[in-house]
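So this one's input12.txt, compact mmCIF, C-alpha atoms:
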# COMPACT_ATOMS: atom_id res chain seq x y z
CA MET J 1 -44.41 -1.17 57.77
CA ALA J 2 -47.40 -1.68 60.08
CA GLY J 3 -47.31 2.09 60.70
CA GLN J 4 -48.92 2.61 57.28
CA ALA J 5 -52.28 2.07 58.95
CA MET J 6 -54.12 5.17 60.16
CA ILE J 7 -55.28 3.71 63.48
CA ASP J 8 -53.65 1.74 66.28
CA GLN J 9 -52.92 -1.87 65.38
CA GLY J 10 -54.73 -3.15 68.46
CA ARG J 11 -57.89 -1.58 67.10
CA PHE J 12 -57.93 -4.02 64.21
CA LEU J 13 -58.24 -7.02 66.51
CA GLU J 14 -61.14 -5.29 68.27
CA VAL J 15 -62.80 -4.70 64.92
CA ILE J 16 -62.45 -8.35 63.88
CA GLY J 17 -64.03 -9.44 67.15
CA ALA J 18 -66.93 -6.98 67.00
CA GLU J 19 -67.68 -7.52 63.31
CA THR J 20 -67.63 -11.32 63.51
CA GLU J 21 -70.09 -11.21 66.40
CA LEU J 22 -72.40 -9.03 64.32
CA MET J 23 -72.14 -11.50 61.45
CA ALA J 24 -72.89 -14.44 63.74
CA GLN J 25 -75.95 -12.65 65.12
CA VAL J 26 -77.19 -11.95 61.61
CA ALA J 27 -76.76 -15.62 60.71
CA HIS J 28 -79.33 -16.50 63.39
CA THR J 29 -81.94 -14.14 61.95
CA ALA J 30 -81.98 -15.14 58.29
CA SER J 31 -81.81 -18.23 56.14
CA ALA J 32 -78.41 -19.32 54.87
CA ASP J 33 -80.06 -19.32 51.43
CA ALA J 34 -80.98 -15.63 51.64
CA PRO J 35 -79.57 -13.78 48.59
CA VAL J 36 -77.00 -11.01 49.11
CA PRO J 37 -78.07 -7.82 47.27
CA THR J 38 -74.56 -6.34 47.58
CA CYS J 39 -72.97 -9.48 46.07
CA PRO J 40 -75.28 -10.78 43.32
CA GLY J 41 -75.15 -14.56 43.06
CA TRP J 42 -74.08 -15.06 46.67
CA THR J 43 -76.13 -16.20 49.64
CA LEU J 44 -75.73 -15.42 53.33
CA GLY J 45 -74.30 -18.89 53.85
CA GLU J 46 -71.73 -18.28 51.11
CA VAL J 47 -70.63 -15.06 52.82
CA LEU J 48 -69.93 -16.87 56.09
CA ARG J 49 -68.23 -19.77 54.30
CA HIS J 50 -66.08 -17.36 52.29
CA VAL J 51 -64.94 -15.39 55.34
CA GLY J 52 -64.22 -18.57 57.31
CA SER J 53 -62.15 -19.81 54.36
CA VAL J 54 -60.27 -16.50 54.06
CA TYR J 55 -59.36 -16.67 57.75
CA ARG J 56 -57.89 -20.12 57.21
CA VAL J 57 -55.89 -19.33 54.08
CA THR J 58 -54.51 -16.21 55.77
CA ARG J 59 -53.35 -18.12 58.84
CA ARG J 60 -51.75 -20.80 56.69
CA TRP J 61 -50.14 -18.13 54.50
CA ILE J 62 -48.48 -16.67 57.59
CA THR J 63 -47.43 -19.94 59.20
CA ASP J 64 -46.35 -21.67 55.97
CA GLY J 65 -44.43 -18.65 54.69
CA ARG J 66 -46.27 -18.65 51.35
CA ARG J 67 -49.79 -18.81 49.98
CA PRO J 68 -51.01 -22.39 50.50
CA GLU J 69 -52.44 -24.44 47.67
CA HIS J 70 -54.88 -26.29 49.92
CA TRP J 71 -56.83 -25.31 53.02
CA GLN J 72 -60.23 -26.02 54.57
CA ARG J 73 -62.75 -24.10 52.48
CA LYS J 74 -66.04 -25.36 53.95
CA PRO J 75 -67.38 -26.95 57.14
CA GLY J 76 -66.12 -30.42 57.93
CA PRO J 77 -68.33 -33.43 58.72
CA GLY J 78 -70.66 -32.58 61.59
CA GLN J 79 -69.46 -28.96 61.71
CA SER J 80 -72.04 -26.20 61.36
CA LEU J 81 -71.41 -23.16 59.19
CA GLU J 82 -71.21 -20.94 62.28
CA GLU J 83 -68.74 -23.30 63.95
CA PHE J 84 -66.59 -23.24 60.81
CA PHE J 85 -66.72 -19.45 60.74
CA ARG J 86 -65.91 -18.99 64.44
CA GLU J 87 -63.14 -21.60 64.47
CA GLY J 88 -61.41 -19.88 61.55
CA ARG J 89 -61.72 -16.52 63.30
CA ASP J 90 -60.39 -17.82 66.61
CA GLU J 91 -57.36 -19.53 65.06
CA LEU J 92 -56.43 -16.48 62.99
CA VAL J 93 -56.86 -13.99 65.84
CA ALA J 94 -54.74 -16.20 68.09
CA GLU J 95 -51.96 -16.17 65.48
CA LEU J 96 -52.15 -12.42 64.92
CA SER J 97 -52.29 -11.68 68.65
CA ALA J 98 -49.20 -13.77 69.36
CA HIS J 99 -46.97 -11.53 67.23
CA ASP J 100 -46.03 -7.87 67.24
CA PRO J 101 -47.67 -6.01 64.32
CA ASP J 102 -44.23 -4.93 63.05
CA GLU J 103 -42.92 -8.51 62.98
CA LEU J 104 -42.14 -9.79 59.49
CA ALA J 105 -44.76 -11.95 57.78
CA PRO J 106 -45.35 -12.98 54.16
CA THR J 107 -48.00 -10.86 52.38
CA TRP J 108 -48.99 -9.98 48.83
CA TRP J 109 -48.08 -6.29 49.26
CA PRO J 110 -44.34 -5.58 48.80
CA ALA J 111 -44.67 -2.31 50.74
CA ASP J 112 -45.81 -4.08 53.91
CA ARG J 113 -44.48 -7.52 54.85
CA SER J 114 -45.76 -7.58 58.41
CA TYR J 115 -48.31 -9.08 60.77
CA GLY J 116 -49.84 -5.61 60.85
CA PHE J 117 -50.76 -5.93 57.18
CA TRP J 118 -52.90 -8.96 57.95
CA ARG J 119 -54.47 -7.39 61.04
CA ARG J 120 -55.60 -4.48 58.90
CA ARG J 121 -56.61 -6.57 55.89
CA MET J 122 -58.72 -8.99 57.93
CA ALA J 123 -60.42 -6.18 59.85
CA HIS J 124 -61.64 -4.63 56.62
CA GLU J 125 -62.39 -7.99 55.00
CA THR J 126 -64.68 -8.76 57.92
CA THR J 127 -66.30 -5.32 57.99
CA ILE J 128 -67.20 -5.36 54.31
CA HIS J 129 -68.70 -8.84 54.48
CA ARG J 130 -70.62 -7.94 57.64
CA ILE J 131 -72.34 -5.36 55.45
CA ASP J 132 -73.14 -8.14 52.98
CA ALA J 133 -74.58 -10.32 55.75
CA GLU J 134 -76.82 -7.55 57.07
CA SER J 135 -77.94 -6.80 53.53
CA ALA J 136 -78.92 -10.45 53.03
CA ALA J 137 -80.90 -10.44 56.27
CA GLY J 138 -82.78 -7.32 55.20
CA ARG J 139 -81.42 -5.41 58.19
CA GLU J 140 -80.37 -1.78 58.27
CA VAL J 141 -76.61 -1.73 57.79
CA SER J 142 -74.79 -0.87 61.01
CA GLU J 143 -72.65 2.25 60.64
CA ILE J 144 -68.89 1.76 60.53
CA PRO J 145 -67.01 3.72 63.24
CA GLU J 146 -65.38 6.82 61.77
CA ASP J 147 -61.79 5.83 62.56
CA VAL J 148 -62.28 2.41 60.97
CA ALA J 149 -63.97 3.89 57.89
CA VAL J 150 -61.18 6.46 57.39
CA ASP J 151 -58.54 3.74 57.57
CA GLY J 152 -60.64 1.61 55.22
CA ILE J 153 -60.77 4.40 52.67
CA ASP J 154 -56.99 4.62 52.85
CA GLU J 155 -56.65 0.85 52.38
CA ALA J 156 -59.07 0.78 49.44
CA LEU J 157 -57.25 3.58 47.65
CA VAL J 158 -53.59 2.94 48.45
CA LEU J 159 -53.65 -0.88 48.54
CA TRP J 160 -56.41 -2.03 46.19
CA PHE J 161 -56.38 0.83 43.69
CA GLY J 162 -52.71 1.76 43.88
CA GLN J 163 -51.21 -1.72 44.32
CA ARG J 164 -53.68 -4.45 43.37
CA LEU J 165 -54.60 -3.05 39.97
CA PRO J 166 -50.95 -2.85 38.77
CA LEU J 167 -50.41 -6.42 40.04
CA LEU J 168 -53.33 -7.51 37.86
CA GLY J 169 -52.01 -5.52 34.90
CA LEU J 170 -55.08 -3.28 34.83
CA SER J 171 -55.17 0.48 34.26
CA GLY J 172 -57.52 3.27 33.26
CA THR J 173 -58.36 4.32 29.73
CA LYS J 174 -58.37 8.05 30.53
CA THR J 175 -55.69 9.96 32.41
CA GLY J 176 -56.99 11.98 35.31
CA SER J 177 -57.22 12.26 39.07
CA VAL J 178 -59.84 12.01 41.79
CA GLY J 179 -59.59 13.77 45.13
CA VAL J 180 -61.27 12.20 48.16
CA ARG J 181 -62.01 14.33 51.21
CA THR J 182 -63.66 13.31 54.47
CA ALA J 183 -63.30 13.91 58.21
CA GLY J 184 -60.23 16.10 57.77
CA HIS J 185 -58.38 13.57 55.58
CA THR J 186 -57.63 13.79 51.86
CA TRP J 187 -56.28 11.50 49.15
CA ILE J 188 -55.52 11.57 45.43
CA ALA J 189 -56.19 8.60 43.14
CA ARG J 190 -54.66 9.02 39.69
CA ALA J 191 -55.20 6.63 36.80
CA GLY J 192 -54.44 6.37 33.12
CA PRO J 193 -52.98 3.95 30.57
CA THR J 194 -49.51 4.23 32.13
CA GLU J 195 -50.17 4.60 35.86
CA THR J 196 -52.51 3.68 38.67
CA VAL J 197 -51.47 5.29 41.95
CA ALA J 198 -53.00 6.77 45.10
CA TRP J 199 -51.59 8.68 48.05
CA ARG J 200 -52.54 10.82 51.03
CA CYS J 201 -52.35 14.50 50.18
CA SER J 202 -53.15 18.03 51.28
CA ALA J 203 -56.63 19.50 51.02
CA GLU J 204 -55.37 21.93 48.39
CA GLU J 205 -54.00 19.11 46.22
CA ALA J 206 -57.25 17.17 46.45
CA GLN J 207 -59.21 20.27 45.50
CA ARG J 208 -57.22 20.56 42.26
CA ALA J 209 -58.15 17.03 41.10
CA ASP J 210 -60.40 16.54 38.06
CA ASP J 211 -63.18 15.22 40.32
CA LEU J 212 -63.61 15.56 44.09
CA ILE J 213 -65.50 13.03 46.19
CA THR J 214 -66.83 14.14 49.57
CA GLY J 215 -69.14 12.64 52.17
CA LYS J 216 -69.22 10.83 55.48
CA PRO J 217 -66.36 8.31 55.98
CA ASP J 218 -68.84 5.44 56.36
CA LYS J 219 -70.52 6.28 53.04
CA ILE J 220 -67.30 6.82 51.08
CA TYR J 221 -65.83 3.57 52.43
CA ARG J 222 -68.89 1.60 51.38
CA TRP J 223 -69.01 3.36 47.97
CA LEU J 224 -65.38 2.50 47.24
CA TRP J 225 -66.15 -1.16 47.97
CA GLY J 226 -69.33 -1.16 45.87
CA ARG J 227 -71.55 -1.46 48.95
CA ALA J 228 -73.34 1.88 48.48
CA GLY J 229 -75.09 3.51 45.55
CA PRO J 230 -73.87 6.54 43.61
CA THR J 231 -75.91 8.97 45.73
CA ALA J 232 -74.06 7.95 48.89
CA VAL J 233 -71.25 10.38 48.02
CA THR J 234 -71.05 13.83 46.48
CA VAL J 235 -68.96 14.19 43.32
CA SER J 236 -67.79 17.61 42.13
CA GLY J 237 -66.54 17.75 38.54
CA ASP J 238 -67.60 16.06 35.33
CA GLN J 239 -67.65 12.68 37.15
CA ASP J 240 -65.70 10.84 34.43
CA MET J 241 -62.67 10.22 36.63
CA ALA J 242 -64.83 9.29 39.64
CA GLY J 243 -66.66 6.79 37.45
CA GLN J 244 -63.36 5.32 36.28
CA LEU J 245 -62.13 5.05 39.88
CA TRP J 246 -65.28 3.16 40.88
CA ALA J 247 -65.06 0.83 37.87
CA LEU J 248 -61.36 0.08 38.43
CA LEU J 249 -61.99 -0.73 42.09
CA ARG J 250 -64.65 -3.24 41.04
CA LEU J 251 -61.94 -5.02 39.03
CA ALA J 252 -59.40 -4.79 41.85
CA THR J 253 -61.70 -6.13 44.56
CA ARG J 254 -63.66 -8.80 42.71

How does the structure come out when it is put into structure tokens?
Amino acid sequence: MAGQAMIDQGRFLEVIGAETELMAQVAHTASADAPVPTCPGWTLGEVLRHVGSVYRVTRRWITDGRRPEHWQRKPGPGQSLEEFFREGRDELVAELSAHDPDELAPTWWPADRSYGFWRRRMAHETTIHRIDAESAAGREVSEIPEDVAVDGIDEALVLWFGQRLPLLGLSGTKTGSVGVRTAGHTWIARAGPTETVAWRCSAEEAQRADDLITGKPDKIYRWLWGRAGPTAVTVSGDQDMAGQLWALLRLATR
């Protein structure tokens, strides 16, 4: 189960720690009211509140055995936004660290009911919103380490595109496939009215797709999550299937 990740499970806890510290530093350099260009309608303060809330609902989901109906979604009386954010992080990391990644835990992905699922999911949740925080502060976005970006590409394609969209009852209007190639790794994402699936594949299989996306792992990861513009990646083909992939991921990750 937890072995579906492409990097060591201990790495995810390191990522959560490093990315939350970056977010906290950013929070000291910009106003909480600063708008987030990568998330129109959000502010920097909303990003930190959202992530702190996600940490809490995740921990409760694990400990309660099901998704909770109620949890702390904003700072309590006398609690600063940063304190709310850090407290949520600390409580979640303590829970994740206390259990083996392969240990069973409730999740929303039938293919992976493990603590490892949440380690991975929270590492990428934090990384993506760190990008949002830096964007709000007007800072140059810190590059994502290659191993983390490669695993994030896999999660975006296999989990969000291949699993989340079917759960939401969403599919493409045209049938076709997109190959993704970066840093020696390749995937296929195939969509149409009757299927939405993605898997790791050979370089030859990816090359035969209708469109092929190539680029640095950091850029492709951000593009898949809508945190980079269209020129961040190179698309070979007529681009119709790549455009559909991008649009479907916006629905899956909203």

Write out as a list in words each polymer residue whose atoms come within 8 Å of Pro145 (chain J), counting all atoms listed in the file; drop sequence neighbours fewer than 3 positions from it. Val148, Ala149 and Asp218 of chain J

Which residue gives the smallest distance to Gln9 (chain J) among J:Ser114, J:Gln163, J:Thr234, J:Gln239, with all atoms listed in the file counted? J:Ser114

With a distance cut-off of 9 Å and all atoms listed in the file, select the neighbouring residues of Leu159 (chain J), excluding the residue or stretch itself and same-chain residues fewer than 6 positions from it, and output the selection as a compact mmCIF listing (two decimals) with C-alpha atoms, in the frame of the given file.
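Result written to result15.txt:
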# COMPACT_ATOMS: atom_id res chain seq x y z
CA TRP J 109 -48.08 -6.29 49.26
CA LEU J 165 -54.60 -3.05 39.97
CA ALA J 198 -53.00 6.77 45.10

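With distances taken over all atoms listed in the file, J:Thr20 is the one residue among J:Thr20, J:Thr231, J:Thr253, J:Thr38 lying closest to Gly52 (chain J).
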
The residue from J:Trp225, J:Leu249, J:Ile144, J:Ala137 with the smallest atom-to-atom distance to Glu19 (chain J), counting all atoms listed in the file, is J:Ile144

Residues proximal to (-63.5, -14.0, 66.8) were defined as those with any atom within 12 Å of that point in the file's coordinates, counting all atoms listed in the file. Which are they, as a PyMOL selection string? chain J and resi 12-24+51-52+55+82-97+122-123+126

C-alpha atoms of the current selection, written as a short mmCIF file (atom, residue, chain, number, x, y, z; two decimals), in the frame of the given file:
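The resulting selection.cif:
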data_model
loop_
_atom_site.label_atom_id
_atom_site.label_comp_id
_atom_site.auth_asym_id
_atom_site.auth_seq_id
_atom_site.Cartn_x
_atom_site.Cartn_y
_atom_site.Cartn_z
CA PHE J 12 -57.93 -4.02 64.21
CA LEU J 13 -58.24 -7.02 66.51
CA GLU J 14 -61.14 -5.29 68.27
CA VAL J 15 -62.80 -4.70 64.92
CA ILE J 16 -62.45 -8.35 63.88
CA GLY J 17 -64.03 -9.44 67.15
CA ALA J 18 -66.93 -6.98 67.00
CA GLU J 19 -67.68 -7.52 63.31
CA THR J 20 -67.63 -11.32 63.51
CA GLU J 21 -70.09 -11.21 66.40
CA LEU J 22 -72.40 -9.03 64.32
CA MET J 23 -72.14 -11.50 61.45
CA ALA J 24 -72.89 -14.44 63.74
CA VAL J 51 -64.94 -15.39 55.34
CA GLY J 52 -64.22 -18.57 57.31
CA TYR J 55 -59.36 -16.67 57.75
CA GLU J 82 -71.21 -20.94 62.28
CA GLU J 83 -68.74 -23.30 63.95
CA PHE J 84 -66.59 -23.24 60.81
CA PHE J 85 -66.72 -19.45 60.74
CA ARG J 86 -65.91 -18.99 64.44
CA GLU J 87 -63.14 -21.60 64.47
CA GLY J 88 -61.41 -19.88 61.55
CA ARG J 89 -61.72 -16.52 63.30
CA ASP J 90 -60.39 -17.82 66.61
CA GLU J 91 -57.36 -19.53 65.06
CA LEU J 92 -56.43 -16.48 62.99
CA VAL J 93 -56.86 -13.99 65.84
CA ALA J 94 -54.74 -16.20 68.09
CA GLU J 95 -51.96 -16.17 65.48
CA LEU J 96 -52.15 -12.42 64.92
CA SER J 97 -52.29 -11.68 68.65
CA MET J 122 -58.72 -8.99 57.93
CA ALA J 123 -60.42 -6.18 59.85
CA THR J 126 -64.68 -8.76 57.92
#

Could you give me, as JSON lines, a per-residue list for region 94-129 of chain J showing, wherever an atom lies at most 9 Å from an atom of region 63-76 of chain J, the closest pair of atoms and their distance in Å to one decimal, using only C-alpha atoms and sorting by chain then residue number from low to high?
{"residue": "J:Glu95", "atom": "CA", "partner": "J:Thr63", "partner_atom": "CA", "distance": 8.6}
{"residue": "J:Ala105", "atom": "CA", "partner": "J:Gly65", "partner_atom": "CA", "distance": 7.4}
{"residue": "J:Pro106", "atom": "CA", "partner": "J:Gly65", "partner_atom": "CA", "distance": 5.8}
{"residue": "J:Thr107", "atom": "CA", "partner": "J:Arg66", "partner_atom": "CA", "distance": 8.0}
{"residue": "J:Trp108", "atom": "CA", "partner": "J:Arg67", "partner_atom": "CA", "distance": 8.9}

Local residues around (-74.3, -9.2, 61.3), at most 12 Å away, using all atoms listed in the file, as JSON, numbers by chain: {"J": [17, 18, 19, 20, 21, 22, 23, 24, 25, 26, 27, 28, 29, 30, 44, 47, 48, 126, 127, 128, 129, 130, 131, 132, 133, 134, 135, 136, 137, 138, 139, 140, 141, 142, 143]}

Quick one: pull the distance between CA of Ile62 (chain J) and CA of Leu104 (chain J), Å, one decimal. 9.5 Å

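Interatomic distance, CA of Arg164 (chain J) to CA of Thr196 (chain J): 9.5 Å.
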
Would you mind telling me which residue in J:Ala191, J:Ala206, J:Val150, J:Ala34 lies nearest to Lys174 (chain J) when using only C-alpha atoms? J:Ala191

In terms of all atoms listed in the file, the residue from J:Gly10, J:Pro35, J:Gly41, J:Gly172 at minimal distance from Asp102 (chain J) is J:Gly10
